[in-house]
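Engineer: My structure is stored as final.cif, with mmCIF, C-alpha atoms and all ligand atoms.
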data_query
#
loop_
_atom_site.label_atom_id
_atom_site.label_comp_id
_atom_site.auth_asym_id
_atom_site.auth_seq_id
_atom_site.Cartn_x
_atom_site.Cartn_y
_atom_site.Cartn_z
CA MET A 1 117.31 108.91 77.30
CA ASP A 2 114.69 109.07 74.54
CA THR A 3 114.60 105.62 73.00
CA PHE A 4 111.25 105.85 71.17
CA SER A 5 112.83 106.16 67.73
CA GLU A 6 114.77 102.92 68.35
CA SER A 7 111.68 101.02 69.48
CA ALA A 8 109.57 98.68 67.38
CA TRP A 9 106.72 101.22 67.66
CA ALA A 10 108.59 103.54 65.34
CA GLN A 11 108.10 100.93 62.56
CA SER A 12 104.74 101.15 60.81
CA ASP A 13 104.53 97.39 60.07
CA PHE A 14 104.79 96.67 63.79
CA SER A 15 102.11 99.17 64.80
CA LYS A 16 99.78 98.00 62.02
CA LYS A 17 100.02 94.37 63.15
CA TYR A 18 99.33 95.44 66.75
CA LEU A 19 96.22 97.38 65.70
CA ASP A 20 94.93 94.51 63.55
CA ARG A 21 95.22 92.04 66.43
CA ALA A 22 95.03 94.15 69.60
CA ASP A 23 91.68 92.62 70.66
CA ILE A 24 93.29 89.17 70.47
CA TYR A 25 96.63 90.01 72.11
CA ILE A 26 94.74 91.69 74.98
CA PRO A 27 91.76 89.37 75.43
CA GLN A 28 89.74 91.64 77.79
CA ARG A 29 90.65 94.83 75.85
CA ARG A 30 87.11 95.75 74.80
CA LYS A 31 85.77 95.29 78.34
CA MET A 32 88.61 97.42 79.70
CA ILE A 33 88.03 100.16 77.11
CA GLY A 34 84.33 100.18 78.06
CA LEU A 35 85.27 100.67 81.71
CA PHE A 36 86.83 104.08 80.93
CA SER A 37 83.38 105.57 80.17
CA PHE A 38 82.03 104.20 83.42
CA LEU A 39 84.96 105.58 85.43
CA LEU A 40 84.72 108.98 83.70
CA THR A 41 81.12 109.26 84.89
CA CYS A 42 81.99 108.03 88.41
CA PHE A 43 84.91 110.42 88.84
CA LEU A 44 83.84 113.51 86.88
CA GLY A 45 80.04 113.26 87.30
CA ASP A 46 78.16 115.59 84.97
CA ARG A 47 81.04 118.04 84.44
CA LYS A 48 80.02 119.91 81.29
CA GLU A 49 83.48 120.48 79.81
CA ILE A 50 86.27 117.93 80.00
CA ARG A 51 89.78 118.57 78.72
CA LEU A 52 91.08 115.10 77.90
CA LEU A 53 94.68 113.93 77.46
CA ASP A 54 95.24 110.53 75.77
CA LEU A 55 98.88 109.43 76.21
CA GLY A 56 100.19 106.87 73.70
CA CYS A 57 96.86 107.16 71.89
CA GLY A 58 97.62 104.74 69.05
CA ASP A 59 94.73 104.96 66.59
CA GLY A 60 92.61 106.90 69.12
CA VAL A 61 90.47 103.96 70.20
CA LEU A 62 90.10 105.16 73.82
CA THR A 63 89.27 108.77 72.96
CA ALA A 64 86.77 107.56 70.35
CA GLU A 65 85.07 105.43 73.00
CA LEU A 66 84.78 108.36 75.43
CA LEU A 67 83.51 110.73 72.73
CA SER A 68 80.81 108.28 71.68
CA GLN A 69 79.77 107.10 75.17
CA CYS A 70 80.18 110.27 77.26
CA GLY A 71 80.06 113.12 74.71
CA GLU A 72 76.32 113.76 74.85
CA GLY A 73 75.42 116.85 76.91
CA ARG A 74 79.02 117.84 77.47
CA THR A 75 82.03 119.05 75.53
CA ILE A 76 85.07 116.81 75.48
CA ILE A 77 88.20 118.55 74.21
CA PRO A 78 90.81 115.89 73.43
CA THR A 79 94.57 116.12 73.08
CA LEU A 80 96.08 112.93 71.67
CA VAL A 81 99.78 112.24 72.07
CA ASP A 82 101.90 109.53 70.48
CA GLY A 83 105.55 109.08 69.57
CA SER A 84 104.50 107.54 66.26
CA ALA A 85 103.38 109.89 63.48
CA ASP A 86 101.82 106.86 61.78
CA MET A 87 99.60 106.16 64.78
CA LEU A 88 98.53 109.81 64.96
CA HIS A 89 97.53 109.69 61.29
CA ARG A 90 95.37 106.68 62.06
CA ALA A 91 93.85 108.52 65.04
CA GLY A 92 93.14 111.45 62.70
CA ASP A 93 91.44 109.08 60.23
CA ARG A 94 89.25 107.75 63.05
CA LEU A 95 88.42 111.01 64.83
CA GLY A 96 88.62 113.60 62.09
CA PRO A 97 90.89 116.57 61.48
CA SER A 98 92.13 118.86 64.21
CA GLY A 99 89.84 121.66 65.35
CA ILE A 100 88.61 120.88 68.80
CA ILE A 101 91.03 117.89 68.69
CA THR A 102 94.78 118.42 69.10
CA TYR A 103 97.27 115.82 67.84
CA VAL A 104 100.77 115.94 69.31
CA ASN A 105 103.64 113.87 67.93
CA ALA A 106 105.91 113.56 70.97
CA SER A 107 107.59 110.87 73.03
CA PHE A 108 106.92 110.50 76.75
CA HIS A 109 110.51 111.58 77.36
CA GLU A 110 109.89 114.85 75.54
CA ILE A 111 106.80 115.38 77.68
CA ILE A 112 108.48 114.55 81.00
CA SER A 113 111.47 116.76 80.18
CA GLY A 114 109.19 119.71 79.35
CA MET A 115 110.30 119.85 75.69
CA THR A 116 106.63 119.57 74.71
CA THR A 117 103.97 121.69 76.41
CA LEU A 118 100.49 120.22 76.59
CA GLY A 119 98.43 122.41 78.98
CA ASP A 120 96.14 121.27 81.80
CA PHE A 121 93.46 118.58 81.77
CA ASP A 122 90.48 117.16 83.69
CA LEU A 123 91.10 113.58 82.62
CA CYS A 124 94.25 111.80 81.52
CA ILE A 125 93.85 108.37 79.95
CA SER A 126 96.32 105.86 78.59
CA SER A 127 96.14 102.32 77.35
CA HIS A 128 99.01 99.85 76.98
CA ALA A 129 101.62 102.51 76.37
CA ILE A 130 103.24 103.55 79.68
CA HIS A 131 104.70 100.07 80.27
CA HIS A 132 107.31 101.00 77.66
CA LEU A 133 108.95 103.28 80.25
CA GLU A 134 111.33 102.27 83.06
CA MET A 135 109.91 102.59 86.61
CA ASN A 136 111.66 105.92 87.34
CA GLU A 137 110.29 107.29 84.05
CA LYS A 138 106.80 106.02 84.86
CA ALA A 139 107.02 107.81 88.23
CA ALA A 140 108.15 111.00 86.47
CA LEU A 141 105.25 110.73 84.01
CA PHE A 142 102.76 110.17 86.87
CA ALA A 143 104.14 113.29 88.58
CA PHE A 144 103.78 115.22 85.30
CA ILE A 145 100.17 114.04 84.94
CA PHE A 146 99.34 115.03 88.54
CA ALA A 147 100.88 118.48 88.02
CA HIS A 148 98.81 119.01 84.85
CA LEU A 149 95.46 117.78 86.14
CA ASN A 150 92.89 120.34 87.23
CA ALA A 151 91.46 119.97 90.76
CA GLY A 152 89.15 116.95 90.91
CA GLY A 153 90.66 115.53 87.73
CA CYS A 154 91.68 111.92 87.32
CA PHE A 155 94.10 109.56 85.63
CA ILE A 156 92.98 106.17 84.29
CA ASN A 157 95.56 103.78 82.88
CA ALA A 158 94.98 100.37 81.28
CA ASP A 159 98.29 98.54 81.15
CA VAL A 160 100.20 95.31 81.56
CA VAL A 161 101.98 94.84 84.86
CA LEU A 162 104.82 92.66 86.09
CA PRO A 163 103.59 89.77 88.25
CA PRO A 164 105.10 90.02 91.76
CA SER A 165 106.52 86.46 91.70
CA GLU A 166 107.65 83.79 89.22
CA GLY A 167 104.82 81.52 90.36
CA LEU A 168 102.24 84.19 89.62
CA GLN A 169 103.89 84.95 86.28
CA THR A 170 103.48 81.28 85.28
CA CYS A 171 99.86 81.39 86.39
CA TYR A 172 99.02 84.70 84.63
CA PHE A 173 100.83 83.71 81.40
CA SER A 174 98.89 80.45 81.39
CA LEU A 175 95.62 82.41 81.76
CA TRP A 176 96.72 84.81 78.99
CA LYS A 177 97.67 81.90 76.72
CA SER A 178 94.34 80.14 77.19
CA GLU A 179 92.31 83.36 76.64
CA MET A 180 94.35 84.18 73.51
CA GLN A 181 93.98 80.60 72.20
CA GLN A 182 90.19 80.91 72.35
CA MET A 183 90.24 84.30 70.61
CA MET A 184 92.60 83.04 67.88
CA GLU A 185 90.46 79.98 67.22
CA LYS A 186 87.36 82.18 67.01
CA ALA A 187 89.10 84.57 64.59
CA GLY A 188 90.58 81.71 62.52
CA ILE A 189 94.16 82.88 63.10
CA THR A 190 96.67 80.21 62.13
CA ASP A 191 99.80 82.22 61.31
CA GLU A 192 100.86 82.80 64.92
CA THR A 193 100.37 81.12 68.29
CA PRO A 194 99.79 82.48 71.80
CA THR A 195 103.22 81.13 72.79
CA GLU A 196 104.85 83.25 70.05
CA VAL A 197 102.98 86.37 71.21
CA ILE A 198 104.08 85.83 74.81
CA LYS A 199 107.67 85.21 73.70
CA ARG A 200 107.61 88.40 71.60
CA TYR A 201 106.16 90.33 74.57
CA GLN A 202 109.15 89.19 76.67
CA ASP A 203 111.72 90.08 73.98
CA PRO A 204 113.79 93.10 75.16
CA ALA A 205 113.57 94.49 71.58
CA SER A 206 109.82 94.98 72.12
CA MET A 207 110.71 97.64 74.70
CA ASN A 208 108.20 96.25 77.19
CA ARG A 209 109.25 97.34 80.68
CA PRO A 210 106.33 96.31 82.91
CA ASP A 211 106.59 97.03 86.62
CA THR A 212 104.51 95.57 89.43
CA LEU A 213 101.09 96.99 90.11
CA ASN A 214 102.09 97.81 93.69
CA ASP A 215 105.14 99.82 92.61
CA GLN A 216 102.97 101.81 90.22
CA LEU A 217 100.18 102.40 92.75
CA ASP A 218 102.83 103.54 95.25
CA ALA A 219 104.28 105.93 92.63
CA LEU A 220 100.82 107.38 92.02
CA LYS A 221 100.31 107.94 95.76
CA LYS A 222 103.75 109.52 96.01
CA ALA A 223 102.86 111.85 93.12
CA GLY A 224 99.89 113.05 95.24
CA PHE A 225 96.96 111.08 93.80
CA ARG A 226 94.08 109.93 96.04
CA ASP A 227 91.58 107.11 95.47
CA VAL A 228 94.50 105.19 93.99
CA ASP A 229 93.43 101.66 93.16
CA CYS A 230 93.37 98.91 90.58
CA TYR A 231 89.83 99.11 89.21
CA VAL A 232 89.96 95.88 87.14
CA LYS A 233 92.50 93.08 86.76
CA ASP A 234 92.80 90.05 84.46
CA GLY A 235 96.16 88.40 85.18
CA ILE A 236 98.83 90.81 83.89
CA PHE A 237 96.23 93.19 82.40
CA THR A 238 94.97 95.96 84.66
CA VAL A 239 93.10 99.25 84.77
CA PHE A 240 94.36 101.48 87.57
CA GLY A 241 94.67 105.15 88.43
CA GLY A 242 93.83 107.90 90.86
CA ARG A 243 92.24 111.29 91.39
CA LYS A 244 93.61 114.71 92.21
C1 LIG A 301 100.25 99.07 72.46
S1 LIG A 301 100.03 100.57 71.62
C2 LIG A 301 98.54 101.17 72.39
C3 LIG A 301 97.79 102.14 71.53
C4 LIG A 301 96.42 102.54 72.06
N1 LIG A 301 96.52 103.30 73.28
C5 LIG A 301 95.58 101.31 72.27
O1 LIG A 301 95.24 100.99 73.41
O2 LIG A 301 95.26 100.64 71.27
C6 LIG A 301 101.28 101.59 72.38
C7 LIG A 301 101.29 103.00 71.84
O3 LIG A 301 102.21 103.79 72.62
C8 LIG A 301 103.07 104.51 71.75
N2 LIG A 301 104.34 104.64 72.47
C9 LIG A 301 105.16 103.65 72.87
N3 LIG A 301 106.23 104.15 73.52
C10 LIG A 301 106.07 105.50 73.51
C11 LIG A 301 106.86 106.58 74.01
N4 LIG A 301 108.00 106.35 74.67
N5 LIG A 301 106.42 107.83 73.82
C12 LIG A 301 105.25 108.07 73.16
N6 LIG A 301 104.47 107.09 72.65
C13 LIG A 301 104.87 105.82 72.83
C14 LIG A 301 103.16 103.66 70.48
O4 LIG A 301 103.51 104.40 69.34
C15 LIG A 301 101.76 103.09 70.39
O5 LIG A 301 100.88 103.92 69.67
#
Translate this structure into structure tokens?
Structural biologist:
Amino acid sequence: MDTFSESAWAQSDFSKKYLDRADIYIPQRRKMIGLFSFLLTCFLGDRKEIRLLDLGCGDGVLTAELLSQCGEGRTIIPTLVDGSADMLHRAGDRLGPSGIITYVNASFHEIISGMTTLGDFDLCISSHAIHHLEMNEKAALFAFIFAHLNAGGCFINADVVLPPSEGLQTCYFSLWKSEMQQMMEKAGITDETPTEVIKRYQDPASMNRPDTLNDQLDALKKAGFRDVDCYVKDGIFTVFGGRK
């Protein structure tokens, strides 16, 4: 069932607050974004033309990073997808009007079900978006991505994962809280606390449906990916993926 329109992400106030504070809510976000350029070079070498798919692009931060860090000497042709028209407008403001860039306003459900056609790609990226899907939907999206990657292509996903035990959840939330506390103090934020952010993250209304890293790596392998691994991990925050 397509629940995007019922989710908090369909409200522009919610998405604006996320964008304003994303680097605080996800303390290692900038480091993780930087890793995408490194992995692109590792996996795709000096491929001269790269068709790029950014799923749940938000304001286009990931695509912007790849265009600025890896765009020299090659052509990157991005397609940015998001369920929120507001987010796509922000991505357009950041990256410029369509031309070589395609903006697609569609939910993951529309993509999985084939209601929206996107084409084939050399690299699929996503950041903190796929955890909004249930595990069976994540697996279906991974299978879709595999089917639409060209040979040698790869999928890189930065996302929150479900800790495999309660003990580890306590440990990872404590790490998250302490990292966020430092960032909030540095930024002079006094109108919300790390505890409130963590509570909001756990609220079912937020539509967060994290699954364990192992379940997701298994789903990638089952979809046919190779070199499946978690490339970086900071408590519940990970960057993982695979190659075709
Ligand atoms: C946490 S934001 C991440 C945005 C961006 N990738 C980033 O890292 O800053 C999640 C994004 O996923 C989009 N999103 C959430 N659920 C979605 C769904 N079911 N289908 C399509 N987009 C979705 C939201 O609109 C939002 O732009």
Engineer: Pick the closest to Ala64 (chain A) from A:Pro204, A:Gly96, A:Gly45, A:Gly152: which is it, counting all atoms listed in the file?
Structural biologist: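 Among the listed residues, the smallest separation from Ala64 (chain A) belongs to A:Gly96.
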Engineer: For CA of Gly83 (chain A) and CA of Val61 (chain A), quote the distance in Å rounded to one decimal.
Structural biologist: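 If I compute the distance from CA of Gly83 (chain A) to CA of Val61 (chain A), I get 15.9 Å.
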Engineer: Using all atoms listed in the file, determine which residues lie at most 9 Å from region 139-144 of chain A, disregarding the query and same-chain residues fewer than 2 positions distant; provide the list as a list in words.
Structural biologist: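 Once the nearby chain positions are removed, what remains is Phe108, His109, Ile111, Ile112, Ile130, Glu134, Met135, Asn136, Glu137, Phe146, Ala147, His148, Leu149, Phe155, Gln216, Ala219, Leu220, Lys222, Ala223 and Gly224 of chain A.
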Engineer: Report as JSON lines the residues of chain A within 9 Å of ligand LIG 301 (chain A), each with its shortest atom pair and distance in Å (one decimal), using all atoms listed in the file, ordered by chain and increasing residue number.
Structural biologist:
{"residue": "A:Asp2", "atom": "CA", "partner": "A:LIG301", "partner_atom": "N4", "distance": 7.2}
{"residue": "A:Thr3", "atom": "CA", "partner": "A:LIG301", "partner_atom": "N4", "distance": 6.8}
{"residue": "A:Phe4", "atom": "CA", "partner": "A:LIG301", "partner_atom": "N4", "distance": 4.8}
{"residue": "A:Ser5", "atom": "CA", "partner": "A:LIG301", "partner_atom": "N4", "distance": 8.5}
{"residue": "A:Ser7", "atom": "CA", "partner": "A:LIG301", "partner_atom": "N3", "distance": 7.5}
{"residue": "A:Ala8", "atom": "CA", "partner": "A:LIG301", "partner_atom": "O4", "distance": 8.6}
{"residue": "A:Trp9", "atom": "CA", "partner": "A:LIG301", "partner_atom": "O4", "distance": 4.8}
{"residue": "A:Ala10", "atom": "CA", "partner": "A:LIG301", "partner_atom": "O4", "distance": 6.5}
{"residue": "A:Gln11", "atom": "CA", "partner": "A:LIG301", "partner_atom": "O4", "distance": 8.9}
{"residue": "A:Ser15", "atom": "CA", "partner": "A:LIG301", "partner_atom": "C15", "distance": 6.8}
{"residue": "A:Tyr18", "atom": "CA", "partner": "A:LIG301", "partner_atom": "C1", "distance": 6.8}
{"residue": "A:Leu19", "atom": "CA", "partner": "A:LIG301", "partner_atom": "O2", "distance": 6.5}
{"residue": "A:Ala22", "atom": "CA", "partner": "A:LIG301", "partner_atom": "O2", "distance": 6.7}
{"residue": "A:Asp23", "atom": "CA", "partner": "A:LIG301", "partner_atom": "O2", "distance": 8.8}
{"residue": "A:Arg29", "atom": "CA", "partner": "A:LIG301", "partner_atom": "O1", "distance": 8.1}
{"residue": "A:Ile33", "atom": "CA", "partner": "A:LIG301", "partner_atom": "O1", "distance": 8.1}
{"residue": "A:Asp54", "atom": "CA", "partner": "A:LIG301", "partner_atom": "N1", "distance": 7.8}
{"residue": "A:Leu55", "atom": "CA", "partner": "A:LIG301", "partner_atom": "N6", "distance": 7.0}
{"residue": "A:Gly56", "atom": "CA", "partner": "A:LIG301", "partner_atom": "O3", "distance": 3.8}
{"residue": "A:Cys57", "atom": "CA", "partner": "A:LIG301", "partner_atom": "N1", "distance": 4.1}
{"residue": "A:Gly58", "atom": "CA", "partner": "A:LIG301", "partner_atom": "O5", "distance": 3.4}
{"residue": "A:Asp59", "atom": "CA", "partner": "A:LIG301", "partner_atom": "C4", "distance": 6.2}
{"residue": "A:Gly60", "atom": "CA", "partner": "A:LIG301", "partner_atom": "C4", "distance": 6.5}
{"residue": "A:Val61", "atom": "CA", "partner": "A:LIG301", "partner_atom": "O2", "distance": 5.9}
{"residue": "A:Leu62", "atom": "CA", "partner": "A:LIG301", "partner_atom": "O1", "distance": 6.6}
{"residue": "A:Val81", "atom": "CA", "partner": "A:LIG301", "partner_atom": "C12", "distance": 7.0}
{"residue": "A:Asp82", "atom": "CA", "partner": "A:LIG301", "partner_atom": "N6", "distance": 4.2}
{"residue": "A:Gly83", "atom": "CA", "partner": "A:LIG301", "partner_atom": "C12", "distance": 3.7}
{"residue": "A:Ser84", "atom": "CA", "partner": "A:LIG301", "partner_atom": "O4", "distance": 4.5}
{"residue": "A:Ala85", "atom": "CA", "partner": "A:LIG301", "partner_atom": "O4", "distance": 8.0}
{"residue": "A:Asp86", "atom": "CA", "partner": "A:LIG301", "partner_atom": "O4", "distance": 8.1}
{"residue": "A:Met87", "atom": "CA", "partner": "A:LIG301", "partner_atom": "O5", "distance": 5.5}
{"residue": "A:Leu88", "atom": "CA", "partner": "A:LIG301", "partner_atom": "O5", "distance": 7.9}
{"residue": "A:Asn105", "atom": "CA", "partner": "A:LIG301", "partner_atom": "C12", "distance": 8.0}
{"residue": "A:Ala106", "atom": "CA", "partner": "A:LIG301", "partner_atom": "C12", "distance": 5.9}
{"residue": "A:Ser107", "atom": "CA", "partner": "A:LIG301", "partner_atom": "N5", "distance": 3.4}
{"residue": "A:Phe108", "atom": "CA", "partner": "A:LIG301", "partner_atom": "N5", "distance": 4.0}
{"residue": "A:His109", "atom": "CA", "partner": "A:LIG301", "partner_atom": "N4", "distance": 6.4}
{"residue": "A:Glu110", "atom": "CA", "partner": "A:LIG301", "partner_atom": "N5", "distance": 8.0}
{"residue": "A:Ile111", "atom": "CA", "partner": "A:LIG301", "partner_atom": "N5", "distance": 8.5}
{"residue": "A:Ile125", "atom": "CA", "partner": "A:LIG301", "partner_atom": "N1", "distance": 8.8}
{"residue": "A:Ser126", "atom": "CA", "partner": "A:LIG301", "partner_atom": "N1", "distance": 5.9}
{"residue": "A:Ser127", "atom": "CA", "partner": "A:LIG301", "partner_atom": "N1", "distance": 4.2}
{"residue": "A:His128", "atom": "CA", "partner": "A:LIG301", "partner_atom": "C1", "distance": 4.8}
{"residue": "A:Ala129", "atom": "CA", "partner": "A:LIG301", "partner_atom": "O3", "distance": 4.0}
{"residue": "A:Ile130", "atom": "CA", "partner": "A:LIG301", "partner_atom": "N3", "distance": 6.9}
{"residue": "A:His131", "atom": "CA", "partner": "A:LIG301", "partner_atom": "N3", "distance": 8.0}
{"residue": "A:His132", "atom": "CA", "partner": "A:LIG301", "partner_atom": "N3", "distance": 5.3}
{"residue": "A:Leu133", "atom": "CA", "partner": "A:LIG301", "partner_atom": "N4", "distance": 6.4}
{"residue": "A:Ala158", "atom": "CA", "partner": "A:LIG301", "partner_atom": "O1", "distance": 7.9}
{"residue": "A:Asp159", "atom": "CA", "partner": "A:LIG301", "partner_atom": "O1", "distance": 8.7}
{"residue": "A:Met207", "atom": "CA", "partner": "A:LIG301", "partner_atom": "N3", "distance": 8.0}
{"residue": "A:Asn208", "atom": "CA", "partner": "A:LIG301", "partner_atom": "N3", "distance": 8.9}
Engineer: Name the residues in contact with Glu192 (chain A) at a cut-off of 12 Å, using all atoms listed in the file, excluding same-chain residues fewer than 6 positions from it; report them as a PDB file with C-alpha atoms, in the coordinates of the input.
Structural biologist:
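Generated file (result.pdb):
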ATOM      1  CA  LYS A  17     100.020  94.370  63.150  1.00  0.00           C
ATOM      2  CA  ARG A  21      95.220  92.040  66.430  1.00  0.00           C
ATOM      3  CA  ILE A  24      93.290  89.170  70.470  1.00  0.00           C
ATOM      4  CA  TYR A  25      96.630  90.010  72.110  1.00  0.00           C
ATOM      5  CA  MET A 180      94.350  84.180  73.510  1.00  0.00           C
ATOM      6  CA  GLN A 181      93.980  80.600  72.200  1.00  0.00           C
ATOM      7  CA  MET A 184      92.600  83.040  67.880  1.00  0.00           C
ATOM      8  CA  GLU A 185      90.460  79.980  67.220  1.00  0.00           C
ATOM      9  CA  ILE A 198     104.080  85.830  74.810  1.00  0.00           C
ATOM     10  CA  LYS A 199     107.670  85.210  73.700  1.00  0.00           C
ATOM     11  CA  ARG A 200     107.610  88.400  71.600  1.00  0.00           C
TER      12      ARG A 200
END
Engineer: Return the single residue from A:Gly99, A:Gly188, A:Pro163, A:Gly73 that is closest to Lys48 (chain A), with distances computed using only C-alpha atoms.
Structural biologist: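 Among A:Gly99, A:Gly188, A:Pro163, A:Gly73, it is A:Gly73 that comes nearest to Lys48 (chain A).
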Engineer: So how far away is CA of Lys221 (chain A) from CA of Gln202 (chain A), in Å?
Structural biologist: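 Computing it gives 28.2 Å between the two atoms.
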